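Everything below belongs to final.txt, which stores compact mmCIF, C-alpha atoms and all ligand atoms.
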# COMPACT_ATOMS: atom_id res chain seq x y z
CA MET A 1 -5.06 23.81 13.54
CA LYS A 2 -6.42 20.47 12.29
CA LYS A 3 -4.46 17.45 13.46
CA LEU A 4 -3.70 14.55 11.15
CA VAL A 5 -1.75 11.52 12.45
CA VAL A 6 -0.43 8.13 11.55
CA ILE A 7 -0.98 5.57 14.30
CA GLY A 8 0.71 2.22 14.85
CA ASP A 9 2.90 0.34 17.27
CA PRO A 10 5.82 0.81 16.71
CA ILE A 11 5.51 4.09 14.80
CA GLU A 12 8.91 5.83 14.97
CA HIS A 13 9.91 4.57 11.49
CA SER A 14 6.86 5.99 9.69
CA LEU A 15 7.66 8.31 6.79
CA SER A 16 4.09 9.53 6.37
CA PRO A 17 4.62 12.76 8.39
CA LEU A 18 7.58 13.73 6.22
CA MET A 19 5.60 13.24 3.02
CA HIS A 20 2.37 14.90 4.18
CA ASN A 21 4.00 17.90 5.88
CA ALA A 22 6.01 18.59 2.71
CA ALA A 23 2.73 18.55 0.75
CA LEU A 24 0.98 20.81 3.29
CA LYS A 25 3.85 23.29 3.13
CA GLU A 26 3.83 23.31 -0.67
CA LEU A 27 0.12 24.23 -0.68
CA CYS A 28 0.58 26.80 2.14
CA LEU A 29 -1.65 24.72 4.39
CA GLU A 30 0.87 24.27 7.22
CA LYS A 31 -1.01 26.70 9.48
CA GLU A 32 -4.28 24.88 8.87
CA PHE A 33 -3.07 21.27 9.20
CA HIS A 34 -0.22 19.42 10.90
CA TYR A 35 0.57 15.73 10.38
CA GLY A 36 2.16 13.85 13.30
CA LYS A 37 2.70 10.29 14.52
CA LEU A 38 1.25 8.60 17.56
CA ARG A 39 2.13 5.28 19.12
CA ILE A 40 -1.21 3.74 20.00
CA LYS A 41 -1.58 0.37 21.70
CA THR A 42 -4.43 -1.97 20.81
CA GLU A 43 -6.27 -1.19 24.07
CA GLU A 44 -6.17 2.53 23.24
CA LEU A 45 -7.88 2.24 19.84
CA ALA A 46 -11.42 2.89 21.08
CA ASP A 47 -10.35 6.16 22.78
CA PHE A 48 -8.43 7.18 19.70
CA ILE A 49 -11.50 6.79 17.49
CA GLU A 50 -13.50 8.79 20.03
CA SER A 51 -11.00 11.65 19.66
CA ILE A 52 -11.75 11.70 15.92
CA ARG A 53 -15.48 11.60 16.59
CA LYS A 54 -15.12 14.59 18.94
CA GLY A 55 -13.12 16.50 16.32
CA GLU A 56 -9.84 16.59 18.27
CA ILE A 57 -8.18 14.78 15.38
CA ALA A 58 -9.23 15.44 11.78
CA GLY A 59 -7.95 12.29 10.08
CA ALA A 60 -5.49 9.44 10.35
CA ASN A 61 -3.46 6.79 8.63
CA ILE A 62 -3.41 3.37 10.23
CA THR A 63 -0.45 1.07 10.12
CA MET A 64 0.70 -2.18 11.73
CA PRO A 65 -0.71 -3.82 13.81
CA HIS A 66 -4.09 -2.05 13.76
CA LYS A 67 -5.30 -2.29 10.15
CA VAL A 68 -7.84 -5.04 10.89
CA ASN A 69 -8.42 -4.57 14.61
CA ILE A 70 -9.59 -1.00 14.28
CA ILE A 71 -12.64 -1.92 12.17
CA GLN A 72 -14.78 -2.81 15.19
CA TYR A 73 -14.63 0.81 16.47
CA LEU A 74 -15.58 2.55 13.21
CA ASP A 75 -19.01 3.84 12.14
CA GLU A 76 -18.68 2.93 8.46
CA LEU A 77 -16.32 1.38 5.92
CA THR A 78 -15.86 2.37 2.29
CA LYS A 79 -16.48 -0.39 -0.25
CA GLU A 80 -12.71 -0.85 -0.68
CA ALA A 81 -12.09 -1.29 3.06
CA GLU A 82 -15.09 -3.62 3.34
CA LEU A 83 -13.84 -5.78 0.50
CA MET A 84 -10.26 -5.92 1.76
CA GLY A 85 -11.20 -6.35 5.42
CA ALA A 86 -8.53 -3.81 6.37
CA VAL A 87 -8.28 -0.05 6.89
CA ASN A 88 -5.28 2.22 6.35
CA MET A 89 -6.95 5.62 6.46
CA LEU A 90 -9.71 7.35 8.47
CA TYR A 91 -11.78 10.43 7.81
CA LYS A 92 -14.91 11.98 9.23
CA LYS A 93 -18.05 12.59 7.22
CA ASN A 94 -21.44 13.74 8.61
CA GLY A 95 -20.21 13.04 12.15
CA LYS A 96 -19.23 9.46 11.31
CA VAL A 97 -15.73 8.02 11.45
CA ILE A 98 -15.15 6.21 8.16
CA GLY A 99 -12.47 3.61 7.43
CA HIS A 100 -10.96 3.48 3.96
CA ASN A 101 -8.19 1.52 2.26
CA THR A 102 -5.96 3.35 -0.22
CA ASP A 103 -3.22 0.71 -0.63
CA GLY A 104 -4.65 -0.93 -3.74
CA LEU A 105 -5.59 2.30 -5.49
CA GLY A 106 -2.18 3.71 -4.55
CA CYS A 107 -0.58 0.79 -6.39
CA LEU A 108 -2.82 1.28 -9.41
CA ASN A 109 -2.15 5.04 -9.54
CA SER A 110 1.56 4.38 -9.30
CA LEU A 111 1.33 1.99 -12.27
CA LYS A 112 -0.68 4.61 -14.18
CA GLU A 113 1.90 7.30 -13.43
CA ASN A 114 4.45 4.96 -15.00
CA ASN A 115 2.21 4.50 -18.06
CA VAL A 116 1.36 0.91 -17.20
CA SER A 117 -2.21 -0.24 -17.72
CA VAL A 118 -3.48 -3.48 -16.19
CA GLU A 119 -6.61 -4.03 -18.29
CA GLY A 120 -6.66 -7.40 -20.00
CA LYS A 121 -3.30 -8.43 -18.58
CA LYS A 122 -2.04 -11.35 -16.55
CA ILE A 123 -0.58 -10.10 -13.26
CA VAL A 124 1.54 -12.18 -10.88
CA ILE A 125 1.62 -11.24 -7.20
CA THR A 126 4.08 -12.71 -4.72
CA GLY A 127 2.79 -12.73 -1.14
CA ALA A 128 -0.64 -13.15 0.41
CA GLY A 129 -0.62 -10.73 3.37
CA GLY A 130 -2.29 -7.36 3.80
CA ALA A 131 -0.54 -5.60 0.92
CA ALA A 132 -1.25 -8.50 -1.45
CA ARG A 133 -4.91 -8.53 -0.45
CA ALA A 134 -5.42 -4.80 -1.09
CA ILE A 135 -3.64 -4.97 -4.43
CA ALA A 136 -5.27 -8.20 -5.62
CA PHE A 137 -8.80 -6.88 -4.96
CA THR A 138 -8.08 -3.56 -6.64
CA LEU A 139 -6.63 -5.23 -9.72
CA ALA A 140 -9.60 -7.59 -9.81
CA LEU A 141 -11.94 -4.58 -9.96
CA ASN A 142 -9.93 -3.03 -12.79
CA ASP A 143 -10.48 -5.54 -15.55
CA VAL A 144 -7.25 -7.51 -15.44
CA HIS A 145 -7.29 -10.73 -17.41
CA GLU A 146 -5.95 -12.96 -14.64
CA ILE A 147 -4.37 -12.64 -11.19
CA VAL A 148 -1.93 -15.28 -10.00
CA ILE A 149 -1.06 -15.23 -6.30
CA LEU A 150 2.10 -17.09 -5.33
CA ASN A 151 3.04 -17.42 -1.67
CA ARG A 152 5.42 -19.33 0.60
CA THR A 153 2.42 -20.57 2.60
CA MET A 154 0.20 -22.03 -0.11
CA GLY A 155 -2.95 -22.09 2.04
CA LYS A 156 -2.93 -18.30 2.37
CA ALA A 157 -2.53 -17.82 -1.38
CA GLU A 158 -5.39 -20.24 -2.02
CA GLU A 159 -7.67 -18.47 0.42
CA LEU A 160 -6.95 -15.05 -1.08
CA ALA A 161 -7.39 -16.26 -4.67
CA ARG A 162 -10.70 -17.89 -3.71
CA LYS A 163 -11.99 -14.73 -2.00
CA VAL A 164 -10.98 -12.50 -4.91
CA LYS A 165 -12.80 -14.79 -7.34
CA GLU A 166 -15.85 -15.11 -5.09
CA LYS A 167 -16.24 -11.39 -4.37
CA THR A 168 -15.26 -9.87 -7.74
CA GLY A 169 -15.70 -12.63 -10.31
CA ALA A 170 -12.16 -12.05 -11.59
CA ILE A 171 -10.06 -14.98 -12.75
CA SER A 172 -7.59 -15.65 -9.96
CA LYS A 173 -5.50 -18.64 -9.03
CA ALA A 174 -2.96 -19.55 -6.39
CA GLY A 175 0.35 -21.35 -6.38
CA SER A 176 3.59 -21.88 -4.54
CA LEU A 177 6.67 -19.71 -5.13
CA GLU A 178 8.23 -22.57 -7.13
CA LYS A 179 5.75 -21.79 -9.90
CA ILE A 180 7.19 -18.32 -10.47
CA LYS A 181 9.22 -19.09 -13.60
CA GLU A 182 6.32 -20.82 -15.31
CA GLU A 183 3.76 -18.16 -14.35
CA LEU A 184 5.92 -15.21 -15.40
CA ARG A 185 6.37 -16.50 -18.95
CA ASP A 186 3.11 -14.98 -20.25
CA ALA A 187 2.60 -12.38 -17.48
CA LYS A 188 2.81 -8.62 -18.08
CA VAL A 189 3.25 -7.34 -14.51
CA LEU A 190 4.90 -8.79 -11.40
CA ILE A 191 4.21 -7.17 -8.03
CA ASN A 192 6.21 -8.23 -4.98
CA CYS A 193 3.91 -7.94 -1.97
CA THR A 194 6.14 -9.90 0.42
CA SER A 195 8.50 -8.25 2.86
CA VAL A 196 11.46 -9.96 1.20
CA GLY A 197 14.01 -7.31 0.26
CA MET A 198 13.71 -5.18 3.39
CA LYS A 199 16.83 -6.81 4.78
CA SER A 200 19.69 -7.02 2.31
CA GLU A 201 20.69 -10.52 3.48
CA GLU A 202 17.23 -11.81 2.48
CA GLY A 203 17.96 -11.29 -1.22
CA THR A 204 15.06 -11.71 -3.61
CA LEU A 205 12.46 -14.31 -4.52
CA VAL A 206 12.91 -13.61 -8.23
CA THR A 207 16.15 -13.29 -10.21
CA SER A 208 16.83 -11.84 -13.67
CA GLU A 209 16.89 -15.25 -15.45
CA VAL A 210 13.13 -15.69 -14.95
CA LEU A 211 12.24 -12.14 -16.01
CA HIS A 212 11.63 -10.96 -19.59
CA PRO A 213 12.03 -7.39 -20.88
CA SER A 214 8.32 -6.85 -21.58
CA LEU A 215 7.49 -7.51 -17.93
CA VAL A 216 6.85 -4.59 -15.57
CA VAL A 217 8.22 -5.29 -12.09
CA MET A 218 6.94 -3.47 -9.04
CA ASP A 219 8.14 -3.85 -5.46
CA VAL A 220 6.07 -2.73 -2.48
CA VAL A 221 9.23 -2.68 -0.35
CA TYR A 222 10.46 0.93 -0.34
CA ASN A 223 13.39 0.77 2.07
CA PRO A 224 15.93 0.20 0.65
CA LEU A 225 14.74 2.11 -2.39
CA LYS A 226 16.66 -0.19 -4.71
CA THR A 227 15.86 -3.70 -3.55
CA ARG A 228 17.55 -6.75 -5.04
CA LEU A 229 14.36 -7.37 -7.02
CA ILE A 230 14.54 -3.90 -8.59
CA GLU A 231 18.19 -4.53 -9.47
CA GLU A 232 17.37 -7.89 -11.03
CA ALA A 233 14.51 -6.31 -13.00
CA GLU A 234 16.76 -3.59 -14.37
CA GLU A 235 19.35 -6.17 -15.31
CA ALA A 236 16.71 -8.10 -17.25
CA GLY A 237 15.65 -4.93 -19.10
CA CYS A 238 12.26 -4.64 -17.39
CA LYS A 239 10.51 -1.44 -16.41
CA ALA A 240 11.03 -1.37 -12.63
CA ILE A 241 8.88 0.61 -10.18
CA ASN A 242 10.06 0.97 -6.60
CA GLY A 243 7.88 0.87 -3.49
CA ALA A 244 8.24 4.59 -2.76
CA SER A 245 5.96 5.33 -5.70
CA MET A 246 3.09 3.30 -4.23
CA LEU A 247 3.68 4.78 -0.78
CA VAL A 248 3.33 8.30 -2.15
CA HIS A 249 0.20 7.47 -4.13
CA GLN A 250 -1.58 5.75 -1.24
CA GLY A 251 -0.79 8.79 0.91
CA ALA A 252 -1.89 11.22 -1.78
CA ILE A 253 -5.42 9.76 -1.87
CA GLY A 254 -5.82 10.43 1.86
CA PHE A 255 -4.35 13.92 1.53
CA GLU A 256 -6.98 14.85 -1.03
CA ILE A 257 -9.84 13.50 1.09
CA TRP A 258 -8.70 15.41 4.23
CA THR A 259 -7.76 18.72 2.63
CA GLY A 260 -9.96 18.78 -0.47
CA LYS A 261 -6.89 19.82 -2.46
CA LYS A 262 -5.03 18.09 -5.29
CA PRO A 263 -1.92 16.59 -3.69
CA PRO A 264 1.46 17.77 -5.01
CA ILE A 265 2.67 14.26 -5.89
CA LYS A 266 6.11 15.36 -7.08
CA VAL A 267 6.78 17.25 -3.83
CA MET A 268 5.73 14.23 -1.76
CA GLN A 269 7.94 11.99 -3.88
CA LYS A 270 10.91 14.32 -3.56
CA ALA A 271 10.66 14.53 0.24
CA LEU A 272 10.46 10.75 0.51
CA LEU A 273 13.22 9.97 -1.98
CA GLU A 274 15.62 12.46 -0.40
CA HIS A 275 15.11 10.85 2.97
CA LEU A 276 15.43 7.28 1.67
CA ARG A 277 18.55 8.11 -0.35
CA MET A 278 20.14 9.75 2.69
CA SER A 279 19.38 6.77 4.92
CA SER A 280 20.65 4.13 2.46
P1 LIG B 1 1.85 -7.07 4.77
O1 LIG B 1 0.65 -6.65 5.53
O2 LIG B 1 2.90 -6.00 4.63
O3 LIG B 1 1.52 -7.70 3.45
P2 LIG B 1 2.17 -9.61 6.09
O4 LIG B 1 0.70 -9.73 6.19
O5 LIG B 1 2.99 -9.95 7.29
O6 LIG B 1 2.61 -8.15 5.68
O7 LIG B 1 2.66 -10.49 4.84
C1 LIG B 1 3.99 -10.71 4.55
C2 LIG B 1 4.11 -11.56 3.30
O8 LIG B 1 5.52 -11.77 3.04
C3 LIG B 1 3.50 -12.95 3.41
O9 LIG B 1 2.97 -13.33 2.16
C4 LIG B 1 4.71 -13.83 3.77
O10 LIG B 1 4.60 -15.20 3.40
P3 LIG B 1 3.86 -16.25 4.38
O11 LIG B 1 2.40 -16.04 4.19
O12 LIG B 1 4.31 -17.56 3.90
O13 LIG B 1 4.33 -15.92 5.77
C5 LIG B 1 5.77 -13.17 2.94
N1 LIG B 1 7.15 -13.44 3.40
C6 LIG B 1 7.76 -12.91 4.48
N2 LIG B 1 9.04 -13.39 4.58
C7 LIG B 1 9.20 -14.27 3.56
C8 LIG B 1 10.29 -15.07 3.10
N3 LIG B 1 11.47 -15.08 3.73
N4 LIG B 1 10.11 -15.82 1.98
C9 LIG B 1 8.92 -15.81 1.31
N5 LIG B 1 7.86 -15.06 1.68
C10 LIG B 1 8.00 -14.30 2.79
Turn the structure described in the file into structure tokens.
Amino acid sequence: MKKLVVIGDPIEHSLSPLMHNAALKELCLEKEFHYGKLRIKTEELADFIESIRKGEIAGANITMPHKVNIIQYLDELTKEAELMGAVNMLYKKNGKVIGHNTDGLGCLNSLKENNVSVEGKKIVITGAGGAARAIAFTLALNDVHEIVILNRTMGKAEELARKVKEKTGAISKAGSLEKIKEELRDAKVLINCTSVGMKSEEGTLVTSEVLHPSLVVMDVVYNPLKTRLIEEAEEAGCKAINGASMLVHQGAIGFEIWTGKKPPIKVMQKALLEHLRMSS
């Protein structure tokens, strides 16, 4: 039995096991692989990586707070992880433990599944943390026209926009959240990469008055499934894509690398949506 795990601290809330075990079952791989969760503290990271090197664990997802910290213990990074400076997935190849980042590609695949292309378009991102970084770099490598990063802390948005421009050559600029109305006017996609929306009392950074129907709105927050932003987007007549879609797609990329099999996306989605609907 090959062990796959998601590690983090805390980890109880992770929905990755649910999604991956449903996919393993669908492909009749549940005797070959099992996906679990492990609470790992920062001081235990080196030993954890050693257990992958020794073959005791076949692969892993990495979540908060280890996405950056873990890099020092790895043998290699993929070009995505290198560029983003963060890792959310590990696999072993030729005896080496390799760190990868599937967040950005997960977002792009989720847009594709919803028939949204990003080429030549202006994209507005709210937030400048880990999720924003992964998504901004991926969009920059996929021929968008312009990326605008708006964040509560302007300095962080400026730093991310500068790095994206420096490392990819893409047109990217930064601003404060007050600029949202102005920036959305000629934008085609808005992606919320802040944590706003996780708690219902937080509301939303963007309301329907500033949205236009030809805008696609995506939220990386997946719990609740229908955030205030998604509600506002629907009210404005926009195509709205919830965070569960990106979560499934980022997981699916890892699944394929570990098992070598095409992931059953619909099955993963169903398992996740059923759980989220039940808990909301
Ligand atoms: P992640 O790795 O999930 O992206 P993160 O690195 O903690 O998480 O980033 C969270 C993002 O949400 C940040 O952009 C943060 O803004 P700041 O950089 O100003 O902290 C944003 N965020 C969190 N709470 C917010 C709030 N109440 N209003 C606006 N932005 C908020």
Could you tell me, counting all atoms listed in the file, which protein and nucleic acid residues lie no more than 8 Å from ligand LIG 1 (chain B), written as a PyMOL selection string?
chain A and resi 64+126-133+151-154+156-157+177+193-196+202+205
Can you tell me which residues surround Leu45 in chain A at a distance of at most 12 Å, considering all atoms listed in the file, apart from same-chain residues fewer than 6 positions away, and format the answer as a ChimeraX atom specification?
/A:7-9,38-39,51-52,62,65-74
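Excluding range 245-256 of chain A and any residue on its chain fewer than 5 positions from it, the residues at most 7 Å away by all atoms listed in the file are Met89, Thr102, Asp103, Leu105, Gly106, Cys107, Asn109, Ser110, Val220, Lys261, Lys262, Pro263, Ile265, Met268 and Gln269 of chain A.
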Give me, as a PyMOL selection string, all polymer residues having an atom no more than 9 Å from Val164 in chain A, counting only C-alpha atoms and skipping those fewer than 6 positions away in the same chain.
chain A and resi 133+136-137+140+170-172
Put those residues in a file: C-alpha atoms, as a CSV table (one decimal), in the coordinates of the input.
chain,number,residue,atom,x,y,z
A,133,ARG,CA,-4.9,-8.5,-0.4
A,136,ALA,CA,-5.3,-8.2,-5.6
A,137,PHE,CA,-8.8,-6.9,-5.0
A,140,ALA,CA,-9.6,-7.6,-9.8
A,170,ALA,CA,-12.2,-12.0,-11.6
A,171,ILE,CA,-10.1,-15.0,-12.8
A,172,SER,CA,-7.6,-15.6,-10.0
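As for CA of Met198 in chain A and CA of Glu119 in chain A, they are spaced 29.7 Å apart.
Among A:Ser117, A:Thr138, A:Asn88, A:Thr204, the residue with the shortest atom-to-atom distance to Gly59 in chain A, counting all atoms listed in the file, is A:Asn88.
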Which polymer residues, protein or nucleic acid, are no farther than 10 Å from (9.1, -9.5, -22.9), counting only C-alpha atoms, as a PyMOL selection string?
chain A and resi 184-188+211-216+236-238
Pairwise distance for CA of Asp219 in chain A and CA of Ile241 in chain A, rounded to one decimal in Å:
6.5 Å
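Remark: for His275 in chain A, the closest of the candidate residues A:Ala244, A:Tyr91, A:Ala60, A:Ala23 is A:Ala244 (distances computed over only C-alpha atoms).
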CA of Leu272 in chain A sits from CA of Asn223 in chain A at a separation of 10.5 Å
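Minimum distance to Lys167 in chain A across A:Leu276, A:Ala240, A:Met19, A:Met84 (counting only C-alpha atoms) occurs at A:Met84.
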For Val206 in chain A, which residue out of A:Leu160, A:Lys96, A:Ile180, A:Leu27 is the nearest one, using all atoms listed in the file?
A:Ile180
With distances taken over only C-alpha atoms, which of A:Ala81, A:Ala58, A:Val189, A:Leu229 is nearest to Lys121 in chain A?
A:Val189
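Using all atoms listed in the file, the nearest neighbour of Ser279 in chain A within the list A:Asn192, A:Glu82, A:Glu232, A:His13 is A:His13.
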Taking all atoms of range 176-193 of chain A that appear in the file, build a box with edges along x, y and z, extend it by 6 Å on every side, and state its centre and edge lengths in Å to one decimal, as lines of an AutoDock Vina configuration file.
center_x = 5.9
center_y = -14.9
center_z = -11.1
size_x = 18.6
size_y = 27.4
size_z = 30.3
